[in-house]
>>> print(open('structure.cif').read())   # mmCIF, C-alpha atoms
data_data
#
loop_
_atom_site.group_PDB
_atom_site.id
_atom_site.type_symbol
_atom_site.label_atom_id
_atom_site.label_comp_id
_atom_site.auth_asym_id
_atom_site.auth_seq_id
_atom_site.Cartn_x
_atom_site.Cartn_y
_atom_site.Cartn_z
ATOM 1 C CA ASP A 1 284.657 -150.221 -58.711
ATOM 2 C CA THR A 2 285.547 -153.843 -58.109
ATOM 3 C CA ALA A 3 282.535 -155.933 -59.018
ATOM 4 C CA VAL A 4 280.850 -158.528 -61.147
ATOM 5 C CA SER A 5 279.163 -156.870 -64.100
ATOM 6 C CA GLN A 6 276.726 -158.238 -66.645
ATOM 7 C CA THR A 7 275.447 -156.892 -69.937
ATOM 8 C CA PRO A 8 272.768 -156.353 -70.921
ATOM 9 C CA LYS A 9 270.612 -155.807 -67.847
ATOM 10 C CA TYR A 10 267.421 -156.426 -69.813
ATOM 11 C CA LEU A 11 267.001 -158.509 -72.943
ATOM 12 C CA VAL A 12 263.720 -158.896 -74.822
ATOM 13 C CA THR A 13 263.726 -161.106 -77.872
ATOM 14 C CA GLN A 14 261.616 -163.353 -80.059
ATOM 15 C CA MET A 15 261.426 -167.118 -79.883
ATOM 16 C CA GLY A 16 263.989 -168.804 -82.084
ATOM 17 C CA ASN A 17 266.569 -166.036 -81.855
ATOM 18 C CA ASP A 18 270.144 -166.465 -80.630
ATOM 19 C CA LYS A 19 271.410 -164.153 -77.896
ATOM 20 C CA SER A 20 274.441 -163.692 -75.645
ATOM 21 C CA ILE A 21 274.901 -162.367 -72.134
ATOM 22 C CA LYS A 22 278.314 -161.140 -71.084
ATOM 23 C CA CYS A 23 279.881 -161.265 -67.650
ATOM 24 C CA GLU A 24 283.089 -159.746 -66.350
ATOM 25 C CA GLN A 25 284.642 -159.720 -62.903
ATOM 26 C CA ASN A 26 287.589 -157.628 -61.786
ATOM 27 C CA LEU A 27 287.919 -159.270 -58.377
ATOM 28 C CA GLY A 28 290.775 -161.500 -59.484
ATOM 29 C CA HIS A 29 288.694 -164.634 -58.863
ATOM 30 C CA ASP A 30 289.466 -167.957 -60.503
ATOM 31 C CA THR A 31 285.962 -169.366 -60.603
ATOM 32 C CA MET A 32 282.887 -168.047 -62.358
ATOM 33 C CA TYR A 33 279.291 -169.260 -62.517
ATOM 34 C CA TRP A 34 276.012 -168.842 -64.308
ATOM 35 C CA TYR A 35 272.767 -169.195 -62.365
ATOM 36 C CA LYS A 36 269.168 -169.095 -63.557
ATOM 37 C CA GLN A 37 266.366 -167.737 -61.389
ATOM 38 C CA ASP A 38 263.027 -168.790 -62.797
ATOM 39 C CA SER A 39 259.526 -167.496 -62.126
ATOM 40 C CA LYS A 40 259.281 -169.625 -58.983
ATOM 41 C CA LYS A 41 262.386 -167.846 -57.667
ATOM 42 C CA PHE A 42 264.533 -170.983 -57.640
ATOM 43 C CA LEU A 43 268.164 -169.956 -58.067
ATOM 44 C CA LYS A 44 269.814 -172.853 -59.860
ATOM 45 C CA ILE A 45 273.381 -173.249 -60.945
ATOM 46 C CA MET A 46 273.885 -173.889 -64.657
ATOM 47 C CA PHE A 47 277.636 -173.804 -65.246
ATOM 48 C CA SER A 48 280.884 -173.106 -63.481
ATOM 49 C CA TYR A 49 284.360 -172.454 -64.837
ATOM 50 C CA ASN A 50 287.594 -172.576 -62.889
ATOM 51 C CA ASN A 51 290.601 -171.054 -64.610
ATOM 52 C CA LYS A 52 288.746 -171.201 -67.930
ATOM 53 C CA GLU A 53 287.927 -174.897 -67.505
ATOM 54 C CA LEU A 54 284.369 -176.169 -67.186
ATOM 55 C CA ILE A 55 283.904 -177.790 -63.757
ATOM 56 C CA ILE A 56 280.147 -177.785 -63.310
ATOM 57 C CA ASN A 57 277.660 -178.488 -66.066
ATOM 58 C CA GLU A 58 274.184 -179.089 -64.727
ATOM 59 C CA THR A 59 271.339 -180.564 -66.723
ATOM 60 C CA VAL A 60 271.011 -177.648 -69.088
ATOM 61 C CA PRO A 61 269.829 -177.878 -72.725
ATOM 62 C CA ASN A 62 272.729 -177.819 -75.129
ATOM 63 C CA ARG A 63 271.228 -174.670 -76.631
ATOM 64 C CA PHE A 64 273.074 -172.985 -73.754
ATOM 65 C CA SER A 65 276.808 -172.675 -74.298
ATOM 66 C CA PRO A 66 279.109 -170.902 -71.879
ATOM 67 C CA LYS A 67 282.406 -169.494 -73.077
ATOM 68 C CA SER A 68 285.288 -168.314 -70.942
ATOM 69 C CA PRO A 69 287.885 -166.456 -73.017
ATOM 70 C CA ASP A 70 289.890 -165.688 -69.874
ATOM 71 C CA LYS A 71 289.553 -165.930 -66.095
ATOM 72 C CA ALA A 72 287.788 -162.590 -65.860
ATOM 73 C CA HIS A 73 285.039 -163.308 -68.378
ATOM 74 C CA LEU A 74 282.293 -165.888 -68.674
ATOM 75 C CA ASN A 75 279.748 -165.352 -71.410
ATOM 76 C CA LEU A 76 276.532 -167.248 -71.981
ATOM 77 C CA HIS A 77 275.243 -167.866 -75.473
ATOM 78 C CA ILE A 78 271.736 -169.194 -75.999
ATOM 79 C CA ASN A 79 270.591 -170.599 -79.328
ATOM 80 C CA SER A 80 267.014 -170.991 -80.546
ATOM 81 C CA LEU A 81 265.462 -169.223 -77.586
ATOM 82 C CA GLU A 82 262.261 -170.683 -76.142
ATOM 83 C CA LEU A 83 259.534 -169.178 -73.967
ATOM 84 C CA GLY A 84 260.758 -171.235 -71.009
ATOM 85 C CA ASP A 85 264.139 -169.545 -71.170
ATOM 86 C CA SER A 86 262.564 -166.373 -69.782
ATOM 87 C CA ALA A 87 264.221 -165.823 -66.419
ATOM 88 C CA VAL A 88 266.799 -163.744 -64.626
ATOM 89 C CA TYR A 89 270.326 -164.967 -65.252
ATOM 90 C CA PHE A 90 272.987 -164.207 -62.663
ATOM 91 C CA CYS A 91 276.700 -164.395 -63.141
ATOM 92 C CA ALA A 92 278.875 -164.938 -60.066
ATOM 93 C CA SER A 93 282.504 -165.408 -59.172
ATOM 94 C CA SER A 94 284.442 -166.764 -56.233
ATOM 95 C CA PRO A 95 288.064 -167.035 -55.195
ATOM 96 C CA SER A 96 289.786 -170.389 -54.967
ATOM 97 C CA GLY A 97 293.128 -171.696 -53.906
ATOM 98 C CA THR A 98 293.901 -171.537 -50.217
ATOM 99 C CA ARG A 99 290.318 -171.084 -49.120
ATOM 100 C CA ILE A 100 288.257 -174.186 -48.767
ATOM 101 C CA TYR A 101 284.790 -172.733 -48.847
ATOM 102 C CA ASN A 102 284.175 -169.697 -50.962
ATOM 103 C CA GLU A 103 281.243 -167.399 -50.900
ATOM 104 C CA GLN A 104 280.193 -166.171 -54.305
ATOM 105 C CA PHE A 105 279.926 -162.619 -55.528
ATOM 106 C CA PHE A 106 276.986 -162.036 -57.821
ATOM 107 C CA GLY A 107 276.367 -159.687 -60.699
ATOM 108 C CA PRO A 108 273.153 -157.627 -60.888
ATOM 109 C CA GLY A 109 271.410 -160.102 -63.163
ATOM 110 C CA THR A 110 270.089 -160.062 -66.725
ATOM 111 C CA ARG A 111 266.332 -160.299 -67.137
ATOM 112 C CA LEU A 112 265.645 -162.256 -70.314
ATOM 113 C CA THR A 113 262.146 -162.153 -71.766
ATOM 114 C CA VAL A 114 261.332 -164.376 -74.707
ATOM 115 C CA LEU A 115 258.181 -163.429 -76.622
ATOM 116 C CA ASP B 1 263.588 -182.507 -55.479
ATOM 117 C CA GLN B 2 264.345 -179.321 -53.587
ATOM 118 C CA GLN B 3 267.185 -180.130 -51.205
ATOM 119 C CA VAL B 4 267.157 -176.725 -49.529
ATOM 120 C CA LYS B 5 263.798 -175.335 -48.453
ATOM 121 C CA GLN B 6 262.680 -172.027 -47.072
ATOM 122 C CA ASN B 7 259.071 -172.667 -46.221
ATOM 123 C CA SER B 8 258.162 -169.098 -45.312
ATOM 124 C CA PRO B 9 257.956 -166.985 -48.452
ATOM 125 C CA SER B 10 257.582 -163.797 -46.437
ATOM 126 C CA LEU B 11 258.011 -162.361 -42.957
ATOM 127 C CA SER B 12 257.124 -158.991 -41.438
ATOM 128 C CA VAL B 13 258.812 -157.713 -38.297
ATOM 129 C CA GLN B 14 258.709 -154.452 -36.398
ATOM 130 C CA GLU B 15 261.853 -152.344 -36.364
ATOM 131 C CA GLY B 16 264.002 -153.130 -33.340
ATOM 132 C CA ARG B 17 262.581 -156.638 -32.903
ATOM 133 C CA ILE B 18 264.226 -159.924 -33.801
ATOM 134 C CA SER B 19 263.841 -161.422 -37.281
ATOM 135 C CA ILE B 20 264.171 -165.196 -37.542
ATOM 136 C CA LEU B 21 264.486 -166.752 -40.969
ATOM 137 C CA ASN B 22 264.428 -170.511 -41.279
ATOM 138 C CA CYS B 23 265.922 -172.993 -43.692
ATOM 139 C CA ASP B 24 265.642 -176.791 -43.858
ATOM 140 C CA TYR B 25 267.718 -179.192 -45.880
ATOM 141 C CA THR B 26 267.460 -182.840 -46.766
ATOM 142 C CA ASN B 27 270.955 -183.823 -47.871
ATOM 143 C CA SER B 28 273.011 -185.021 -44.906
ATOM 144 C CA MET B 29 276.186 -184.540 -46.957
ATOM 145 C CA PHE B 30 275.826 -180.750 -46.799
ATOM 146 C CA ASP B 31 278.559 -179.389 -44.575
ATOM 147 C CA TYR B 32 278.693 -175.690 -45.333
ATOM 148 C CA PHE B 33 275.854 -173.207 -45.304
ATOM 149 C CA LEU B 34 275.563 -169.602 -46.356
ATOM 150 C CA TRP B 35 272.995 -166.837 -46.175
ATOM 151 C CA TYR B 36 272.640 -164.280 -48.910
ATOM 152 C CA LYS B 37 270.648 -161.072 -48.976
ATOM 153 C CA LYS B 38 269.088 -159.715 -52.153
ATOM 154 C CA TYR B 39 267.637 -156.310 -52.882
ATOM 155 C CA PRO B 40 265.367 -155.780 -55.923
ATOM 156 C CA ALA B 41 267.192 -155.486 -59.240
ATOM 157 C CA GLU B 42 270.479 -156.514 -57.628
ATOM 158 C CA GLY B 43 272.352 -159.763 -57.311
ATOM 159 C CA PRO B 44 272.513 -161.657 -54.003
ATOM 160 C CA THR B 45 275.220 -160.509 -51.604
ATOM 161 C CA PHE B 46 276.906 -162.772 -49.094
ATOM 162 C CA LEU B 47 275.853 -162.223 -45.500
ATOM 163 C CA ILE B 48 277.142 -164.954 -43.202
ATOM 164 C CA SER B 49 278.164 -168.596 -43.320
ATOM 165 C CA ILE B 50 278.552 -171.573 -41.019
ATOM 166 C CA SER B 51 280.445 -174.822 -41.220
ATOM 167 C CA SER B 52 278.895 -178.056 -39.983
ATOM 168 C CA ILE B 53 281.552 -178.304 -37.278
ATOM 169 C CA LYS B 54 279.905 -175.355 -35.554
ATOM 170 C CA ASP B 55 276.390 -174.764 -34.303
ATOM 171 C CA LYS B 56 276.524 -170.990 -34.184
ATOM 172 C CA ASN B 57 278.255 -168.149 -35.994
ATOM 173 C CA GLU B 58 277.790 -164.513 -35.164
ATOM 174 C CA ASP B 59 278.628 -161.359 -37.088
ATOM 175 C CA GLY B 60 277.312 -158.143 -35.620
ATOM 176 C CA ARG B 61 273.537 -158.155 -35.706
ATOM 177 C CA PHE B 62 273.454 -161.424 -37.646
ATOM 178 C CA THR B 63 273.688 -164.879 -36.096
ATOM 179 C CA VAL B 64 273.269 -168.186 -37.860
ATOM 180 C CA PHE B 65 272.340 -171.313 -35.905
ATOM 181 C CA LEU B 66 272.776 -174.821 -37.233
ATOM 182 C CA ASN B 67 270.954 -177.875 -35.902
ATOM 183 C CA LYS B 68 272.465 -180.807 -37.785
ATOM 184 C CA SER B 69 270.244 -183.453 -36.245
ATOM 185 C CA ALA B 70 267.162 -181.577 -37.385
ATOM 186 C CA LYS B 71 268.802 -180.515 -40.666
ATOM 187 C CA HIS B 72 267.752 -176.995 -39.901
ATOM 188 C CA LEU B 73 269.413 -173.625 -39.842
ATOM 189 C CA SER B 74 268.154 -170.220 -38.937
ATOM 190 C CA LEU B 75 269.293 -166.652 -39.358
ATOM 191 C CA HIS B 76 268.611 -164.231 -36.523
ATOM 192 C CA ILE B 77 268.766 -160.514 -37.086
ATOM 193 C CA VAL B 78 268.638 -158.390 -33.977
ATOM 194 C CA PRO B 79 267.729 -155.618 -33.804
ATOM 195 C CA SER B 80 265.995 -155.542 -37.173
ATOM 196 C CA GLN B 81 266.297 -152.351 -39.194
ATOM 197 C CA PRO B 82 264.285 -151.086 -42.178
ATOM 198 C CA GLY B 83 267.391 -151.479 -44.359
ATOM 199 C CA ASP B 84 267.260 -155.212 -43.664
ATOM 200 C CA SER B 85 264.124 -155.459 -45.813
ATOM 201 C CA ALA B 86 265.183 -157.774 -48.633
ATOM 202 C CA VAL B 87 264.916 -161.367 -49.825
ATOM 203 C CA TYR B 88 267.115 -163.771 -47.884
ATOM 204 C CA PHE B 89 268.407 -166.970 -49.462
ATOM 205 C CA CYS B 90 270.075 -169.846 -47.688
ATOM 206 C CA ALA B 91 272.460 -172.044 -49.631
ATOM 207 C CA ALA B 92 274.266 -175.286 -48.896
ATOM 208 C CA SER B 93 277.193 -177.207 -50.284
ATOM 209 C CA ALA B 94 278.777 -180.610 -49.741
ATOM 210 C CA GLY B 95 282.454 -181.376 -49.597
ATOM 211 C CA SER B 96 285.631 -179.420 -49.191
ATOM 212 C CA GLY B 97 286.517 -177.296 -52.173
ATOM 213 C CA THR B 98 283.192 -177.776 -53.872
ATOM 214 C CA TYR B 99 281.983 -174.962 -56.034
ATOM 215 C CA LYS B 100 278.357 -176.085 -56.201
ATOM 216 C CA TYR B 101 275.812 -174.454 -53.933
ATOM 217 C CA ILE B 102 272.145 -175.379 -53.690
ATOM 218 C CA PHE B 103 269.916 -172.415 -52.952
ATOM 219 C CA GLY B 104 266.566 -172.180 -51.233
ATOM 220 C CA THR B 105 263.712 -170.186 -52.755
ATOM 221 C CA GLY B 106 264.152 -167.235 -50.445
ATOM 222 C CA THR B 107 262.172 -165.456 -47.727
ATOM 223 C CA ARG B 108 261.108 -161.869 -48.219
ATOM 224 C CA LEU B 109 261.693 -159.929 -45.009
ATOM 225 C CA LYS B 110 259.909 -156.652 -44.436
ATOM 226 C CA VAL B 111 260.974 -154.601 -41.449
ATOM 227 C CA LEU B 112 258.297 -152.110 -40.502
ATOM 228 C CA ALA B 113 259.363 -148.715 -39.165
#
>>> encode(input="structure.cif", output="C-alpha cells")
Amino acid sequence: DTAVSQTPKYLVTQMGNDKSIKCEQNLGHDTMYWYKQDSKKFLKIMFSYNNKELIINETVPNRFSPKSPDKAHLNLHINSLELGDSAVYFCASSPSGTRIYNEQFFGPGTRLTVL
Amino acid sequence: DQQVKQNSPSLSVQEGRISILNCDYTNSMFDYFLWYKKYPAEGPTFLISISSIKDKNEDGRFTVFLNKSAKHLSLHIVPSQPGDSAVYFCAASAGSGTYKYIFGTGTRLKVLA
C-alpha cells in the first residue's frame, strides 16, 4: 500500500530517556513534516524537510532532532524526555515541484507517553 | 496566539441533514485553506481546499465557502452520513509554495442515524 507509515504506534517511557520515532513514505514526495498534537488537540508543525534539507524549524526545544537520511524517511529523535513531551506525533508528506499548494498526507500518529 | 480557530468543539447532526463546520482566521496573509478529516487512531486525511481567489469550492457532498472580508470559512456536508462522523480540522497557509500550514483545534462531528 502507498502510505505514510510511522513506528512505533505507541511509546511509553520514563522521564529522562532518549527515544526515536521513525517515519517512511512511499508516495514519492519531496517534503516531509513532523507535527505535534498536544492534550488540547492543537496540531502544530515542528519541522519540515524538502529533499533532505531542513526548511521549517519551529520553536522546538533542541532536545528534538529530526534526521532525514533520504527523501522517503524523516525520523524524530528526542533526548531527555520530559512529561510535557507526552503527545501524539504525526508525520506527513507532500509533493512539491509543479504544484503550488500541496495538501499533506499524514501517518497514523505515534502516541508518546512520558511517565 | 491561535491564528486559526474552530470555536465549536463538537456538532451533532441528523443523518441526511446538512452539517456546517466553521473556521475563523486572523492572519490576512493566509491565501490557501484546507479541510482535513480525522478518524480515531488515524492521521488526518485531506478533504477539500480553497484558494483565496475563490469564494466557493465544491466536491461531491462537500462544499467549502470562503468569506475573506470576515476571515471566515465553512465546510458544508450535504447530505450528512454516519460515516462522516469524525474530527474536522481546517488549516491555512500564506504564500505560494509555502509548506507551513496552521491548523485549527478541530470540530468533532457526530452524524446520528
>>> resolve_selection(input="structure.cif", expression="the PyMOL selection byres ((chain B) within 7 of (chain A))", output="JSON, numbers by chain")
{"B": [41, 42, 43, 44, 45, 46, 96, 97, 103, 104, 105]}
>>> write_last_selection(input="structure.cif", atoms="C-alpha atoms", output="PDB file, in the coordinates of the input")
ATOM      1  CA  ALA B  41     267.192-155.486 -59.240  1.00  0.00           C
ATOM      2  CA  GLU B  42     270.479-156.514 -57.628  1.00  0.00           C
ATOM      3  CA  GLY B  43     272.352-159.763 -57.311  1.00  0.00           C
ATOM      4  CA  PRO B  44     272.513-161.657 -54.003  1.00  0.00           C
ATOM      5  CA  THR B  45     275.220-160.509 -51.604  1.00  0.00           C
ATOM      6  CA  PHE B  46     276.906-162.772 -49.094  1.00  0.00           C
ATOM      7  CA  SER B  96     285.631-179.420 -49.191  1.00  0.00           C
ATOM      8  CA  GLY B  97     286.517-177.296 -52.173  1.00  0.00           C
ATOM      9  CA  PHE B 103     269.916-172.415 -52.952  1.00  0.00           C
ATOM     10  CA  GLY B 104     266.566-172.180 -51.233  1.00  0.00           C
ATOM     11  CA  THR B 105     263.712-170.186 -52.755  1.00  0.00           C
TER      12      THR B 105
END
>>> resolve_selection(input="structure.cif", expression="the PyMOL selection byres ((chain B and resi 81) around 8)", output="PyMOL selection string")
chain B and resi 15-16+79-80+82-85+111+113
>>> atom_distance(input="structure.cif", atom1="atom CA of B:Ile48", atom2="atom CA of A:Lys22")
28.2 Å
>>> resolve_selection(input="structure.cif", expression="the PyMOL selection byres ((chain A and resi 83) around 12)", output="tab-separated table (two decimals) with C-alpha atoms, in the frame of the given file")
chain	number	residue	atom	x	y	z
A	12	VAL	CA	263.72	-158.90	-74.82
A	13	THR	CA	263.73	-161.11	-77.87
A	14	GLN	CA	261.62	-163.35	-80.06
A	15	MET	CA	261.43	-167.12	-79.88
A	16	GLY	CA	263.99	-168.80	-82.08
A	17	ASN	CA	266.57	-166.04	-81.86
A	38	ASP	CA	263.03	-168.79	-62.80
A	39	SER	CA	259.53	-167.50	-62.13
A	80	SER	CA	267.01	-170.99	-80.55
A	81	LEU	CA	265.46	-169.22	-77.59
A	82	GLU	CA	262.26	-170.68	-76.14
A	84	GLY	CA	260.76	-171.24	-71.01
A	85	ASP	CA	264.14	-169.54	-71.17
A	86	SER	CA	262.56	-166.37	-69.78
A	87	ALA	CA	264.22	-165.82	-66.42
A	112	LEU	CA	265.64	-162.26	-70.31
A	113	THR	CA	262.15	-162.15	-71.77
A	114	VAL	CA	261.33	-164.38	-74.71
A	115	LEU	CA	258.18	-163.43	-76.62
>>> atom_distance(input="structure.cif", atom1="atom CA of A:Lys67", atom2="atom CA of A:Lys19")
13.1 Å
>>> atom_distance(input="structure.cif", atom1="atom CA of B:Tyr88", atom2="atom CA of A:Leu76")
26.1 Å
>>> residues_near_point(input="structure.cif", point="(291.7, -171.7, -64.9)", cutoff="7 Å", atoms="all atoms listed in the file", output="ChimeraX atom specification")
/A:30,50-53,71
>>> write_last_selection(input="structure.cif", atoms="C-alpha atoms", output="short mmCIF file (atom, residue, chain, number, x, y, z; two decimals), in the coordinates of the input")
data_model
loop_
_atom_site.label_atom_id
_atom_site.label_comp_id
_atom_site.auth_asym_id
_atom_site.auth_seq_id
_atom_site.Cartn_x
_atom_site.Cartn_y
_atom_site.Cartn_z
CA ASP A 30 289.47 -167.96 -60.50
CA ASN A 50 287.59 -172.58 -62.89
CA ASN A 51 290.60 -171.05 -64.61
CA LYS A 52 288.75 -171.20 -67.93
CA GLU A 53 287.93 -174.90 -67.50
CA LYS A 71 289.55 -165.93 -66.10
#
>>> closest_residue(input="structure.cif", among="A:Asn57, A:Gln25, A:Ser20, A:Asp70", to="A:Ser5", atoms="only C-alpha atoms")
A:Gln25
>>> decode(input="structure.cif", residues="stretch 2-23 of chain A", atoms="N, CA, C and O atoms", output="compact mmCIF listing (two decimals), in the first residue's frame")
# COMPACT_ATOMS: atom_id res chain seq x y z
N THR A 2 0.48 2.24 -0.80
CA THR A 2 1.19 3.51 -0.74
C THR A 2 0.67 4.29 0.45
O THR A 2 -0.52 4.39 0.69
N ALA A 3 1.61 4.81 1.27
CA ALA A 3 1.15 5.44 2.50
C ALA A 3 2.32 6.11 3.21
O ALA A 3 3.47 6.06 2.78
N VAL A 4 1.94 6.78 4.30
CA VAL A 4 2.92 7.31 5.24
C VAL A 4 2.82 6.44 6.48
O VAL A 4 1.75 6.31 7.07
N SER A 5 3.92 5.82 6.85
CA SER A 5 3.91 4.92 8.00
C SER A 5 4.83 5.44 9.09
O SER A 5 5.84 6.08 8.82
N GLN A 6 4.44 5.15 10.32
CA GLN A 6 5.22 5.57 11.48
C GLN A 6 5.39 4.39 12.42
O GLN A 6 4.47 3.59 12.59
N THR A 7 6.55 4.32 13.04
CA THR A 7 6.78 3.32 14.08
C THR A 7 7.56 3.95 15.23
O THR A 7 8.46 4.76 15.02
N PRO A 8 7.19 3.61 16.46
CA PRO A 8 6.08 2.73 16.84
C PRO A 8 4.76 3.50 16.86
O PRO A 8 4.75 4.72 16.73
N LYS A 9 3.68 2.83 17.03
CA LYS A 9 2.37 3.47 17.15
C LYS A 9 2.16 4.00 18.57
O LYS A 9 1.53 5.03 18.78
N TYR A 10 2.67 3.27 19.54
CA TYR A 10 2.60 3.69 20.94
C TYR A 10 4.00 3.61 21.54
O TYR A 10 4.77 2.70 21.23
N LEU A 11 4.31 4.58 22.39
CA LEU A 11 5.62 4.62 23.02
C LEU A 11 5.44 5.13 24.45
O LEU A 11 4.98 6.25 24.65
N VAL A 12 5.75 4.28 25.41
CA VAL A 12 5.65 4.66 26.82
C VAL A 12 7.06 4.57 27.40
O VAL A 12 7.73 3.56 27.25
N THR A 13 7.49 5.65 28.04
CA THR A 13 8.86 5.69 28.51
C THR A 13 8.97 6.56 29.76
O THR A 13 8.05 7.29 30.11
N GLN A 14 10.10 6.48 30.40
CA GLN A 14 10.35 7.25 31.61
C GLN A 14 10.97 8.60 31.27
O GLN A 14 11.66 8.75 30.25
N MET A 15 10.74 9.54 32.15
CA MET A 15 11.40 10.85 32.03
C MET A 15 12.90 10.67 31.96
O MET A 15 13.47 9.81 32.64
N GLY A 16 13.54 11.46 31.13
CA GLY A 16 14.99 11.44 31.03
C GLY A 16 15.53 10.50 29.97
O GLY A 16 16.70 10.61 29.58
N ASN A 17 14.67 9.61 29.48
CA ASN A 17 15.13 8.68 28.44
C ASN A 17 15.23 9.38 27.09
O ASN A 17 14.68 10.47 26.87
N ASP A 18 15.94 8.70 26.17
CA ASP A 18 16.04 9.16 24.78
C ASP A 18 15.27 8.16 23.91
O ASP A 18 15.42 6.96 24.07
N LYS A 19 14.46 8.69 22.99
CA LYS A 19 13.67 7.80 22.13
C LYS A 19 13.63 8.35 20.71
O LYS A 19 13.81 9.54 20.48
N SER A 20 13.34 7.45 19.76
CA SER A 20 13.19 7.84 18.36
C SER A 20 11.87 7.35 17.80
O SER A 20 11.38 6.29 18.19
N ILE A 21 11.33 8.14 16.89
CA ILE A 21 10.15 7.75 16.12
C ILE A 21 10.55 7.77 14.66
O ILE A 21 11.19 8.73 14.20
N LYS A 22 10.16 6.72 13.94
CA LYS A 22 10.55 6.63 12.54
C LYS A 22 9.36 6.89 11.63
O LYS A 22 8.23 6.57 11.97
N CYS A 23 9.65 7.47 10.50
CA CYS A 23 8.61 7.76 9.51
C CYS A 23 9.12 7.44 8.12
O CYS A 23 10.26 7.79 7.77
